[in-house]
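Worksheet: the structure to be examined is printed underneath.
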Amino acid sequence: MNKHNSHVPVHKAILVTGGAGFIGSHLCEKLLEAGNEVICVDNFFTGTKENIRYLLHNPHFELIRHDIVHPLLLEIDEIYNLACPASPIHYQYNPVKTIKTNVMGSIHMLGLAKRVKAKILQASTSEIYGNPEVHPQPESYWGNVNPIGIRSCYDEGKRCAETLFFDYHRQNKVKIKVVRIFNTYGPRMHPNDGRVVSNFIVQALKDRDITVYGDGGQTRSFCYVDDMVNGLMKMMEAPDDFIGPVNLGNPVEFTILQLAQKVIELTNSKSKIIYHALPADDPERRKPDISLAQKELGWSPTTPLEEGLKKTIEYFDSVLRAC
Ligand code: NAD
Ligand code: UDP
């Protein structure tokens with residue numbers, strides 16, 4: 001808990017749910033570097049101990065295997081609620097569980113925040129905008145989401161989680177922070193998670209065909225994980241009256257075909273591009289309007305795609321060599 005002593009820097013006890021996942025493991029690392037006590041809670045559905053192996057011997061780090069669809073009692077100052085599978089193949093594997101994680105998990109984490117008066121940040125998503133009719137997407141846009149499609153367990157689960165956060169804030173004065181994360185990539189992405197960056201890099205490193213879905217004209221804007229973690233921490237540290245929702249992402253937009261060509265170039269791969277059917281409800285365009293984050297948090301991403309891809313390629317190369 002907070003040590004309000006003028007001779008000692010303020011150390012906080014911080015819970016990171018989903019802390020053994022891709023973004024969560026980087027966040028745990030940065031929170032420890034900043035001098036905090038970090039409790040990582042994870043059910044290891046998509047996260048791994050390997051992601052946090054190098055933190056396990058740190059006396060300020062604690063790992064709890066727990067599923068947030070069940071209640072949890074802890075004494076903490078802040079909560080980053082990241083627990084939820086993020087890639088389409090993982091969140092569609094058990095859609096009912098995905099909804100439970102977002103709805104029951106959020107209720108349990110908000111209940112915990114209410115009991116111990118902790119500040120709680122929700123990792124929401126650009127998916128709440130669905131297949132957007134407004135481009136780029138500002139926070140004021142309410143979205144265009146199919147409520148009964150194969151992506152709905154995630155999209156509507158995350159939308160309901162945002163509703164819960166705002167109702168706990170209005171009804172119970174819980175200190176909330178809601179962040180809408182746009183496509184994020186970097187080391188420790190799961191090599192088989194089916195997301196576009198990991199798929200293309202692994203395919204290119206193995207000289208296998210690069211699978212572009214649709215004609216590759218759909219767009220995404222890719223944010224390097226260090227920039228994202230920096231944005232999440234800035235949001236948590238911002239004044240309590242700035243609760244969001246706030247978009248965090250890189251506003252530089254690429255087509256999926258451009259991404260495929262860039263990955264082939266950076267890996268010197270012999271891979272050929274092949275085309276597969278576009279999955280249902282796949283958004284055509286996505287690009288964050290980040291003017292609110294720039295104004296309120298003084299935050300903008302600084303890592304260009306090529307630089308971030310090189311670091312990610314290096315990571316996947318070492319993972320594949322170890323196999
Ligand atoms: P990830 O799958 O690597 O991490 C999610 C972590 O949550 C994993 O460690 C998983 O084991 C854990 N988890 C899942 N269900 C759980 C449960 N019921 N109880 C406890 N732990 C559970 O994904 P990520 O990319 O690191 O995403 C982290 C968060 O950020 C997610 O909430 C995701 O929705 C959000 N997000 C990510 C992106 C992105 O591009 N990576 C984009 C938008 C939003
Ligand atoms: N995609 C692709 N080939 C792949 C994996 C994904 O063309 O091997 C496309 C996918 O159809 C989507 C985009 O890349 O248009 C981003 O997909 P991802 O699953 O990474 O994230 P999301 O759709 O959730 O933004």
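The chains in the structure tokens are called A, B, ... from first to last as shown; in each chain the residues are counted from 1, and the ligands are counted from 1 in the order shown.
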Would you give me, as a PDB file with all heavy atoms, in the first residue's frame, the residues in region 5-40 of chain A that DSSP reads as helix (DSSP H, G or I)?
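Everything below was put into selection-v2.pdb:
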```pdb
ATOM      1  N   PHE A  22       0.574 -10.766 -23.517  1.00  0.00           N
ATOM      2  CA  PHE A  22       1.480  -9.954 -24.342  1.00  0.00           C
ATOM      3  C   PHE A  22       1.654  -8.540 -23.751  1.00  0.00           C
ATOM      4  O   PHE A  22       2.740  -8.187 -23.264  1.00  0.00           O
ATOM      5  CB  PHE A  22       0.914  -9.941 -25.771  1.00  0.00           C
ATOM      6  CG  PHE A  22       1.354  -8.813 -26.625  1.00  0.00           C
ATOM      7  CD1 PHE A  22       2.710  -8.502 -26.759  1.00  0.00           C
ATOM      8  CD2 PHE A  22       0.420  -8.033 -27.318  1.00  0.00           C
ATOM      9  CE1 PHE A  22       3.119  -7.441 -27.557  1.00  0.00           C
ATOM     10  CE2 PHE A  22       0.814  -6.989 -28.117  1.00  0.00           C
ATOM     11  CZ  PHE A  22       2.166  -6.681 -28.234  1.00  0.00           C
ATOM     12  N   ILE A  23       0.599  -7.731 -23.741  1.00  0.00           N
ATOM     13  CA  ILE A  23       0.743  -6.354 -23.235  1.00  0.00           C
ATOM     14  C   ILE A  23       0.978  -6.374 -21.724  1.00  0.00           C
ATOM     15  O   ILE A  23       1.816  -5.638 -21.199  1.00  0.00           O
ATOM     16  CB  ILE A  23      -0.517  -5.504 -23.553  1.00  0.00           C
ATOM     17  CG1 ILE A  23      -0.743  -5.423 -25.076  1.00  0.00           C
ATOM     18  CG2 ILE A  23      -0.378  -4.095 -22.977  1.00  0.00           C
ATOM     19  CD1 ILE A  23      -2.011  -4.659 -25.487  1.00  0.00           C
ATOM     20  N   GLY A  24       0.260  -7.260 -21.007  1.00  0.00           N
ATOM     21  CA  GLY A  24       0.352  -7.310 -19.554  1.00  0.00           C
ATOM     22  C   GLY A  24       1.768  -7.553 -19.048  1.00  0.00           C
ATOM     23  O   GLY A  24       2.196  -6.943 -18.057  1.00  0.00           O
ATOM     24  N   SER A  25       2.518  -8.432 -19.720  1.00  0.00           N
ATOM     25  CA  SER A  25       3.874  -8.745 -19.248  1.00  0.00           C
ATOM     26  C   SER A  25       4.791  -7.524 -19.397  1.00  0.00           C
ATOM     27  O   SER A  25       5.622  -7.253 -18.531  1.00  0.00           O
ATOM     28  CB  SER A  25       4.439  -9.957 -19.989  1.00  0.00           C
ATOM     29  OG  SER A  25       4.526  -9.699 -21.373  1.00  0.00           O
ATOM     30  N   HIS A  26       4.622  -6.768 -20.483  1.00  0.00           N
ATOM     31  CA  HIS A  26       5.423  -5.540 -20.648  1.00  0.00           C
ATOM     32  C   HIS A  26       5.028  -4.502 -19.594  1.00  0.00           C
ATOM     33  O   HIS A  26       5.883  -3.786 -19.068  1.00  0.00           O
ATOM     34  CB  HIS A  26       5.212  -4.956 -22.053  1.00  0.00           C
ATOM     35  CG  HIS A  26       5.849  -5.764 -23.145  1.00  0.00           C
ATOM     36  ND1 HIS A  26       7.165  -5.592 -23.519  1.00  0.00           N
ATOM     37  CD2 HIS A  26       5.364  -6.750 -23.932  1.00  0.00           C
ATOM     38  CE1 HIS A  26       7.447  -6.439 -24.503  1.00  0.00           C
ATOM     39  NE2 HIS A  26       6.374  -7.153 -24.762  1.00  0.00           N
ATOM     40  N   LEU A  27       3.720  -4.457 -19.295  1.00  0.00           N
ATOM     41  CA  LEU A  27       3.241  -3.497 -18.295  1.00  0.00           C
ATOM     42  C   LEU A  27       3.802  -3.843 -16.909  1.00  0.00           C
ATOM     43  O   LEU A  27       4.282  -2.953 -16.187  1.00  0.00           O
ATOM     44  CB  LEU A  27       1.702  -3.508 -18.288  1.00  0.00           C
ATOM     45  CG  LEU A  27       1.019  -2.619 -17.265  1.00  0.00           C
ATOM     46  CD1 LEU A  27       1.323  -1.136 -17.506  1.00  0.00           C
ATOM     47  CD2 LEU A  27      -0.504  -2.841 -17.295  1.00  0.00           C
ATOM     48  N   CYS A  28       3.761  -5.131 -16.537  1.00  0.00           N
ATOM     49  CA  CYS A  28       4.312  -5.552 -15.233  1.00  0.00           C
ATOM     50  C   CYS A  28       5.774  -5.108 -15.119  1.00  0.00           C
ATOM     51  O   CYS A  28       6.200  -4.578 -14.077  1.00  0.00           O
ATOM     52  CB  CYS A  28       4.240  -7.075 -15.079  1.00  0.00           C
ATOM     53  SG  CYS A  28       2.581  -7.709 -14.826  1.00  0.00           S
ATOM     54  N   GLU A  29       6.516  -5.319 -16.188  1.00  0.00           N
ATOM     55  CA  GLU A  29       7.943  -4.986 -16.205  1.00  0.00           C
ATOM     56  C   GLU A  29       8.152  -3.485 -15.948  1.00  0.00           C
ATOM     57  O   GLU A  29       8.951  -3.091 -15.103  1.00  0.00           O
ATOM     58  CB  GLU A  29       8.484  -5.379 -17.581  1.00  0.00           C
ATOM     59  CG  GLU A  29       9.960  -5.295 -17.750  1.00  0.00           C
ATOM     60  CD  GLU A  29      10.364  -5.725 -19.176  1.00  0.00           C
ATOM     61  OE1 GLU A  29       9.609  -6.456 -19.853  1.00  0.00           O
ATOM     62  OE2 GLU A  29      11.444  -5.309 -19.597  1.00  0.00           O
ATOM     63  N   LYS A  30       7.396  -2.655 -16.642  1.00  0.00           N
ATOM     64  CA  LYS A  30       7.552  -1.190 -16.509  1.00  0.00           C
ATOM     65  C   LYS A  30       7.073  -0.707 -15.135  1.00  0.00           C
ATOM     66  O   LYS A  30       7.672   0.200 -14.552  1.00  0.00           O
ATOM     67  CB  LYS A  30       6.767  -0.465 -17.621  1.00  0.00           C
ATOM     68  CG  LYS A  30       7.407  -0.582 -18.995  1.00  0.00           C
ATOM     69  CD  LYS A  30       8.681   0.261 -19.084  1.00  0.00           C
ATOM     70  CE  LYS A  30       9.356   0.207 -20.431  1.00  0.00           C
ATOM     71  NZ  LYS A  30       9.904  -1.110 -20.827  1.00  0.00           N
ATOM     72  N   LEU A  31       6.019  -1.314 -14.598  1.00  0.00           N
ATOM     73  CA  LEU A  31       5.530  -0.906 -13.276  1.00  0.00           C
ATOM     74  C   LEU A  31       6.550  -1.260 -12.197  1.00  0.00           C
ATOM     75  O   LEU A  31       6.743  -0.508 -11.237  1.00  0.00           O
ATOM     76  CB  LEU A  31       4.184  -1.581 -12.982  1.00  0.00           C
ATOM     77  CG  LEU A  31       2.989  -1.096 -13.816  1.00  0.00           C
ATOM     78  CD1 LEU A  31       1.775  -1.993 -13.601  1.00  0.00           C
ATOM     79  CD2 LEU A  31       2.642   0.357 -13.492  1.00  0.00           C
ATOM     80  N   LEU A  32       7.226  -2.397 -12.350  1.00  0.00           N
ATOM     81  CA  LEU A  32       8.278  -2.777 -11.401  1.00  0.00           C
ATOM     82  C   LEU A  32       9.453  -1.813 -11.503  1.00  0.00           C
ATOM     83  O   LEU A  32       9.995  -1.362 -10.488  1.00  0.00           O
ATOM     84  CB  LEU A  32       8.752  -4.212 -11.681  1.00  0.00           C
ATOM     85  CG  LEU A  32       7.809  -5.326 -11.237  1.00  0.00           C
ATOM     86  CD1 LEU A  32       8.197  -6.655 -11.873  1.00  0.00           C
ATOM     87  CD2 LEU A  32       7.797  -5.451  -9.709  1.00  0.00           C
ATOM     88  N   GLU A  33       9.840  -1.482 -12.748  1.00  0.00           N
ATOM     89  CA  GLU A  33      10.956  -0.538 -12.952  1.00  0.00           C
ATOM     90  C   GLU A  33      10.665   0.804 -12.297  1.00  0.00           C
ATOM     91  O   GLU A  33      11.570   1.488 -11.846  1.00  0.00           O
ATOM     92  CB  GLU A  33      11.177  -0.310 -14.454  1.00  0.00           C
ATOM     93  CG  GLU A  33      12.029  -1.385 -15.108  1.00  0.00           C
ATOM     94  CD  GLU A  33      12.052  -1.227 -16.635  1.00  0.00           C
ATOM     95  OE1 GLU A  33      11.846  -0.116 -17.147  1.00  0.00           O
ATOM     96  OE2 GLU A  33      12.264  -2.248 -17.294  1.00  0.00           O
TER      97      GLU A  33
END
```
**Selection within 7 Å of ligand 1 by only C-alpha atoms and all ligand atoms, output as a ChimeraX atom specification** = /A:17-24,41-48,66-69,81-87,101,105,123-126,180-185,189-190
**Request:** Find the spatial neighbours of Pro279 (chain A), counting only C-alpha atoms, within a cut-off of 10 Å - ignore same-chain residues fewer than 6 positions away - and output them as an MDAnalysis selection string.
**Result:** chainID A and resid 88 150:151 213:214
**Request:** Find the distance between CA of Ala34 (chain A) and CA of Lys310 (chain A) and write it in Å to one decimal.
**Result:**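 Calculated distance between CA of Ala34 (chain A) and CA of Lys310 (chain A) is 26.5 Å.
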**Message:** Can you tell me which residues surround Asn102 (chain A) at a distance of at most 7 Å, considering only C-alpha atoms, apart from same-chain residues fewer than 5 positions away, and format the answer as number ranges by chain?
**Reply:** A: 84, 157-158, 161
**Residues near Leu297 (chain A), cut-off 9 Å, only C-alpha atoms, skip fewer than 3 positions along chain, as a list in words** =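 Skipping anything fewer than 3 positions along the chain leaves Gly231, Lys234, Met235, Ala238, Leu292, Ala293, Gln294 and Ser300 of chain A.
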**Complete:** One decimal place gives the CA of Leu266 (chain A)-atom 16 (C, counted along the ligand's line) of ligand 2 separation as 19.1 Å
**Message:** Using only C-alpha atoms, which protein or nucleic acid residues come within 12 Å of region 207-209 of chain A? Drop anything in the same chain fewer than 2 positions from it, and give the result as a ChimeraX atom specification.
**Reply:** /A:199-205,211-212,260,263-264,267-276
**Asked** Nearest to ligand 2: which of A:Pro95, A:Gly130, A:Gly35, A:Gly194 is it, counting only C-alpha atoms and all ligand atoms?
**Response** A:Gly194
**Shortest interatomic distance to ligand 2 - which of A:Glu306, A:Asp289, A:Glu127, A:Asp317, counting only C-alpha atoms and all ligand atoms** =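 So, comparing all the options, the nearest one is A:Glu127.
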**Polymer residues at most 12 Å from Tyr168 (chain A), only C-alpha atoms, same-chain spacing of 3 or more positions, as a PyMOL selection string** = chain A and resi 106-115+117+119-120+161-165+171-177
**Item:** For Val319 (chain A), the nearest of the candidates A:Pro132, A:Asp77, A:Pro187, A:Leu121, counting only C-alpha atoms
**Value:** A:Pro187
